[in-house]
file input.txt (compact mmCIF, C-alpha atoms and all ligand atoms)
# COMPACT_ATOMS: atom_id res chain seq x y z
CA MET R 98 -64.67 60.98 -106.92
CA THR R 99 -65.04 62.05 -110.57
CA VAL R 100 -67.87 61.58 -113.06
CA THR R 101 -68.00 59.82 -116.40
CA PRO R 102 -69.21 61.72 -119.53
CA LEU R 103 -72.68 60.33 -118.72
CA GLY R 104 -72.56 61.87 -115.25
CA ILE R 105 -72.04 58.57 -113.42
CA PRO R 106 -69.70 58.97 -110.44
CA HIS R 107 -66.67 56.73 -110.26
CA ARG R 108 -63.94 56.45 -107.69
CA MET R 109 -60.36 57.23 -108.61
CA LEU R 110 -57.61 54.93 -107.36
CA GLU R 111 -54.21 56.20 -106.39
CA PHE R 112 -51.09 54.06 -106.46
CA THR R 113 -47.58 54.20 -107.87
CA ILE R 114 -45.99 52.98 -111.08
CA ASP R 115 -42.20 52.90 -111.03
CA GLY R 116 -42.28 55.22 -108.04
CA GLU R 117 -44.48 57.84 -109.71
CA GLU R 118 -48.03 58.71 -108.64
CA ALA R 119 -50.74 57.18 -110.82
CA ARG R 120 -54.47 57.85 -110.72
CA VAL R 121 -57.03 55.83 -112.67
CA PRO R 122 -60.78 55.16 -112.41
CA GLU R 123 -61.77 52.11 -110.38
CA GLY R 124 -62.01 49.08 -112.67
CA SER R 125 -58.96 50.01 -114.73
CA THR R 126 -56.27 47.42 -115.25
CA ILE R 127 -52.62 47.95 -114.45
CA LEU R 128 -52.07 48.01 -118.23
CA ASP R 129 -54.60 50.86 -118.62
CA ALA R 130 -52.73 52.81 -115.95
CA CYS R 131 -49.33 52.08 -117.49
CA ARG R 132 -50.51 53.24 -120.90
CA ALA R 133 -51.97 56.40 -119.38
CA ALA R 134 -48.55 56.99 -117.80
CA GLY R 135 -46.83 56.54 -121.16
CA LYS R 136 -45.26 53.14 -120.35
CA ASP R 137 -44.83 50.74 -123.25
CA ILE R 138 -45.72 47.30 -121.90
CA PRO R 139 -45.58 44.55 -124.55
CA THR R 140 -48.85 42.68 -125.14
CA LEU R 141 -49.85 39.89 -127.49
CA CYS R 142 -53.16 38.43 -126.29
CA GLU R 143 -54.73 41.66 -125.09
CA GLY R 144 -57.18 43.70 -127.16
CA ASP R 145 -59.64 46.56 -126.62
CA THR R 146 -62.70 44.46 -127.30
CA LEU R 147 -61.46 41.17 -125.86
CA ARG R 148 -61.73 39.60 -122.46
CA PRO R 149 -58.19 39.05 -121.10
CA LYS R 150 -57.00 35.52 -121.77
CA ASN R 151 -53.78 35.74 -119.75
CA ALA R 152 -52.28 33.54 -122.42
CA CYS R 153 -49.00 35.15 -123.49
CA ARG R 154 -47.68 36.54 -120.17
CA VAL R 155 -45.49 39.01 -122.03
CA CYS R 156 -47.13 41.92 -120.16
CA VAL R 157 -45.97 40.89 -116.69
CA VAL R 158 -45.02 43.47 -114.08
CA GLU R 159 -44.00 43.31 -110.43
CA VAL R 160 -46.41 44.30 -107.68
CA GLU R 161 -44.96 44.92 -104.23
CA GLY R 162 -45.93 42.08 -101.90
CA ALA R 163 -47.04 39.70 -104.69
CA ARG R 164 -45.15 36.41 -104.81
CA THR R 165 -45.42 36.06 -108.57
CA LEU R 166 -45.25 38.45 -111.49
CA VAL R 167 -48.72 39.65 -112.49
CA PRO R 168 -50.19 40.08 -115.97
CA ALA R 169 -50.80 43.81 -116.37
CA CYS R 170 -53.55 43.24 -118.95
CA SER R 171 -55.94 41.52 -116.58
CA ARG R 172 -54.95 42.55 -113.07
CA LYS R 173 -57.10 45.39 -111.82
CA ALA R 174 -55.36 48.39 -110.30
CA GLU R 175 -55.83 48.76 -106.55
CA ALA R 176 -55.39 51.77 -104.30
CA GLY R 177 -51.96 51.83 -102.67
CA MET R 178 -50.41 49.32 -105.05
CA GLU R 179 -46.74 49.69 -105.88
CA VAL R 180 -46.21 48.56 -109.45
CA ARG R 181 -42.80 48.19 -111.06
CA THR R 182 -42.72 47.69 -114.81
CA ASP R 183 -39.04 47.65 -115.63
CA THR R 184 -37.35 45.40 -113.08
CA GLU R 185 -34.78 42.79 -114.01
CA ARG R 186 -37.24 40.03 -113.08
CA ALA R 187 -40.05 41.40 -115.28
CA ARG R 188 -37.69 42.08 -118.18
CA HIS R 189 -36.15 38.60 -117.91
CA SER R 190 -39.58 36.98 -117.92
CA ARG R 191 -40.68 38.93 -121.01
CA LYS R 192 -37.44 38.05 -122.73
CA VAL R 193 -37.87 34.30 -122.13
CA VAL R 194 -41.50 34.40 -123.29
CA LEU R 195 -40.43 36.14 -126.49
CA GLU R 196 -37.56 33.70 -127.02
CA LEU R 197 -39.77 30.64 -126.59
CA LEU R 198 -42.35 32.06 -128.96
CA ALA R 199 -39.85 33.17 -131.58
CA SER R 200 -38.12 29.78 -131.47
CA SER R 201 -41.32 27.94 -132.28
CA VAL R 202 -43.35 30.10 -134.67
CA ASP R 203 -42.83 32.57 -137.48
CA LEU R 204 -43.33 36.02 -135.96
CA SER R 205 -42.52 37.97 -139.13
CA THR R 206 -46.11 39.20 -139.44
CA THR R 207 -46.80 39.75 -135.74
CA PRO R 208 -47.04 43.50 -135.04
CA ARG R 209 -44.24 45.01 -132.93
CA VAL R 210 -42.58 41.73 -132.01
CA ALA R 211 -39.35 42.48 -133.90
CA GLU R 212 -39.04 45.68 -131.88
CA TRP R 213 -39.58 43.85 -128.56
CA LEU R 214 -37.16 41.06 -129.46
CA LYS R 215 -34.55 43.74 -129.93
CA GLU R 216 -35.48 45.72 -126.84
CA TYR R 217 -35.31 42.64 -124.58
CA GLU R 218 -32.21 41.26 -126.31
CA ALA R 219 -34.03 38.00 -126.91
CA LYS R 220 -32.03 35.18 -128.48
CA PRO R 221 -34.52 32.63 -129.79
CA ASP R 222 -31.82 30.73 -131.65
CA ARG R 223 -30.36 29.47 -128.37
CA PHE R 224 -33.06 26.76 -128.59
CA GLY R 225 -31.78 25.69 -132.01
CA PRO R 226 -32.91 26.75 -135.47
CA ASP R 227 -36.69 26.70 -135.87
CA ALA R 228 -36.81 24.57 -132.72
CA ALA R 229 -40.44 23.56 -132.69
CA ARG R 230 -41.77 24.58 -136.08
CA LEU R 231 -44.68 22.59 -137.44
CA ASN R 232 -43.69 23.38 -141.02
CA GLU R 233 -47.24 22.89 -142.21
CA GLY R 234 -48.95 24.87 -144.92
CA PRO R 235 -51.84 27.16 -143.99
CA LYS R 236 -55.27 25.55 -143.66
CA ILE R 237 -57.64 27.48 -145.90
CA ASP R 238 -61.28 26.79 -145.03
CA ASN R 239 -62.61 29.69 -147.09
CA ASP R 240 -61.60 33.25 -148.05
CA LEU R 241 -62.33 34.54 -144.55
CA TYR R 242 -60.93 31.73 -142.46
CA VAL R 243 -57.27 30.84 -142.93
CA ARG R 244 -55.31 29.12 -140.15
CA ASP R 245 -51.54 29.13 -140.33
CA TYR R 246 -50.33 27.34 -137.22
CA ASP R 247 -46.73 28.16 -138.04
CA LYS R 248 -47.69 31.75 -137.23
CA CYS R 249 -49.98 31.01 -134.31
CA ILE R 250 -48.86 32.91 -131.20
CA LEU R 251 -51.60 31.37 -129.04
CA CYS R 252 -53.17 34.76 -128.37
CA TYR R 253 -56.72 33.34 -128.60
CA LYS R 254 -57.86 36.41 -130.55
CA CYS R 255 -59.25 34.19 -133.32
CA VAL R 256 -61.13 32.13 -130.74
CA ASP R 257 -62.58 35.29 -129.27
CA ALA R 258 -63.48 36.75 -132.65
CA CYS R 259 -64.98 33.57 -134.13
CA GLY R 260 -66.54 32.23 -130.96
CA ASP R 261 -67.36 34.79 -128.31
CA GLN R 262 -67.92 37.71 -130.66
S1 LIG T 301 -51.13 40.56 -122.93
FE1 LIG T 301 -51.26 40.09 -120.84
S2 LIG T 301 -51.17 37.93 -120.77
FE2 LIG T 301 -51.08 38.41 -122.88
call {"tool": "encode", "arguments": {"input": "input.txt", "output": "structure tokens", "more": "lines below"}}
Ligand code: FES
result
Amino acid sequence: MTVTPLGIPHRMLEFTIDGEEARVPEGSTILDACRAAGKDIPTLCEGDTLRPKNACRVCVVEVEGARTLVPACSRKAEAGMEVRTDTERARHSRKVVLELLASSVDLSTTPRVAEWLKEYEAKPDRFGPDAARLNEGPKIDNDLYVRDYDKCILCYKCVDACGDQ
């Protein structure tokens, strides 16, 4: 048991990430733990002030005993978990997600995506050039609200910002 800066006790959870011991406060996500351990997990729909939307699935990791890959951004860490972040299955899944996205929208202004496309050796052009582009101009409602669906990565951050927040 440790205490928060306000003196509130919270339980620490112990589990492993890629075979190494990890320790995070109860309530942390797998992504929180991975970041604390210095792991670079790609994310697109996750944000500090947002509720996880589980929309992009580019953050998936393997958890021992789980049938499917799990989204690190929303799955809470549990004591005794064995998390693997860099398996062939997780890497392949991230690669396909990035390829599908890059084949259908313009990612040139999406932070870090170029780096991840390279890291995962994604080949979006295997679906054909600009496979599913809308080729529409941006919709400009006013100076603050511009929607360019050719760049929409379906992260739901605009929905969160304009609606929930
Ligand atoms: S960042 Fe986890 S599902 Fe998008």
call {"tool": "residues_around", "arguments": {"input": "input.txt", "residues": "region 115-126 of chain R", "least_positions_apart": "3", "cutoff": "12 Å", "atoms": "all atoms listed in the file", "output": "count of residues only"}}
result
47
call {"tool": "axis_aligned_box", "arguments": {"input": "input.txt", "around": "region 150-153 of chain R", "padding_each_side": "5 Å", "output": "lines of an AutoDock Vina configuration file"}}
result
center_x = -53.0
center_y = 34.6
center_z = -121.6
size_x = 18.0
size_y = 12.2
size_z = 13.7
call {"tool": "closest_residue", "arguments": {"input": "input.txt", "among": "R:Val256, R:Ile127, R:Val155, R:Ile138", "to": "ligand LIG 301 (chain T)", "atoms": "all atoms listed in the file"}}
result
R:Val155
call {"tool": "closest_residue", "arguments": {"input": "input.txt", "among": "R:Arg223, R:Tyr253, R:Tyr242, R:Gln262", "to": "ligand LIG 301 (chain T)", "atoms": "all atoms listed in the file"}}
result
R:Tyr253
call {"tool": "closest_residue", "arguments": {"input": "input.txt", "among": "R:Arg164, R:Lys192, R:Lys236, R:Lys150", "to": "ligand LIG 301 (chain T)", "atoms": "all atoms listed in the file"}}
result
R:Lys150
call {"tool": "closest_residue", "arguments": {"input": "input.txt", "among": "R:Ala152, R:Ala199, R:Cys249, R:Leu147", "to": "ligand LIG 301 (chain T)", "atoms": "all atoms listed in the file"}}
result
R:Ala152
call {"tool": "closest_residue", "arguments": {"input": "input.txt", "among": "R:Leu128, R:Leu166, R:Cys142, R:Leu195", "to": "ligand LIG 301 (chain T)", "atoms": "all atoms listed in the file"}}
result
R:Cys142
call {"tool": "closest_residue", "arguments": {"input": "input.txt", "among": "R:Thr113, R:Thr146, R:Ser201, R:Asn151", "to": "ligand LIG 301 (chain T)", "atoms": "all atoms listed in the file"}}
result
R:Asn151
call {"tool": "atom_distance", "arguments": {"input": "input.txt", "atom1": "CA of His189 (chain R)", "atom2": "CA of Leu251 (chain R)"}}
result
20.4 Å
call {"tool": "atom_distance", "arguments": {"input": "input.txt", "atom1": "CA of Asp245 (chain R)", "atom2": "CA of Gly144 (chain R)"}}
result
20.4 Å
call {"tool": "residues_around", "arguments": {"input": "input.txt", "residues": "Tyr217 (chain R)", "least_positions_apart": "4", "cutoff": "10 Å", "atoms": "all atoms listed in the file", "output": "PyMOL selection string"}}
result
chain R and resi 188-193+195-196+212-213
call {"tool": "atom_distance", "arguments": {"input": "input.txt", "atom1": "CA of Ile114 (chain R)", "atom2": "CA of Ala219 (chain R)"}}
result
24.9 Å
call {"tool": "residues_around", "arguments": {"input": "input.txt", "residues": "region 206-209 of chain R", "least_positions_apart": "6", "cutoff": "9 Å", "atoms": "all atoms listed in the file", "output": "ChimeraX atom specification"}}
result
/R:139,141,248,250
call {"tool": "decode", "arguments": {"input": "input.txt", "residues": "region 115-131 of chain R", "atoms": "N, CA and C atoms", "output": "compact mmCIF listing (two decimals), in the first residue's frame"}}
result
# COMPACT_ATOMS: atom_id res chain seq x y z
N ASP R 115 6.47 -7.94 -20.61
CA ASP R 115 7.58 -8.53 -21.37
C ASP R 115 8.59 -9.21 -20.44
N GLY R 116 8.03 -9.90 -19.44
CA GLY R 116 8.85 -10.68 -18.53
C GLY R 116 9.50 -9.88 -17.40
N GLU R 117 9.30 -8.57 -17.39
CA GLU R 117 9.91 -7.75 -16.34
C GLU R 117 8.84 -7.33 -15.32
N GLU R 118 9.24 -7.24 -14.06
CA GLU R 118 8.31 -6.83 -13.00
C GLU R 118 7.79 -5.43 -13.25
N ALA R 119 6.48 -5.25 -13.08
CA ALA R 119 5.89 -3.92 -13.18
C ALA R 119 5.04 -3.69 -11.93
N ARG R 120 4.94 -2.43 -11.51
CA ARG R 120 4.20 -2.11 -10.30
C ARG R 120 3.50 -0.78 -10.54
N VAL R 121 2.18 -0.79 -10.52
CA VAL R 121 1.43 0.45 -10.75
C VAL R 121 0.28 0.54 -9.75
N PRO R 122 -0.20 1.77 -9.48
CA PRO R 122 -1.35 1.90 -8.58
C PRO R 122 -2.60 1.26 -9.19
N GLU R 123 -3.44 0.69 -8.34
CA GLU R 123 -4.70 0.11 -8.78
C GLU R 123 -5.47 1.16 -9.58
N GLY R 124 -6.09 0.75 -10.67
CA GLY R 124 -6.83 1.69 -11.50
C GLY R 124 -6.05 2.12 -12.73
N SER R 125 -4.75 1.82 -12.75
CA SER R 125 -3.94 2.17 -13.91
C SER R 125 -4.30 1.26 -15.08
N THR R 126 -4.12 1.75 -16.27
CA THR R 126 -4.31 0.91 -17.45
C THR R 126 -3.00 0.20 -17.78
N ILE R 127 -3.10 -0.78 -18.65
CA ILE R 127 -1.88 -1.44 -19.14
C ILE R 127 -1.00 -0.40 -19.84
N LEU R 128 -1.63 0.53 -20.56
CA LEU R 128 -0.86 1.57 -21.25
C LEU R 128 -0.08 2.43 -20.24
N ASP R 129 -0.73 2.81 -19.14
CA ASP R 129 -0.04 3.59 -18.10
C ASP R 129 1.21 2.84 -17.64
N ALA R 130 1.03 1.54 -17.41
CA ALA R 130 2.15 0.73 -16.91
C ALA R 130 3.25 0.61 -17.95
N CYS R 131 2.85 0.43 -19.21
CA CYS R 131 3.84 0.31 -20.29
C CYS R 131 4.64 1.61 -20.41
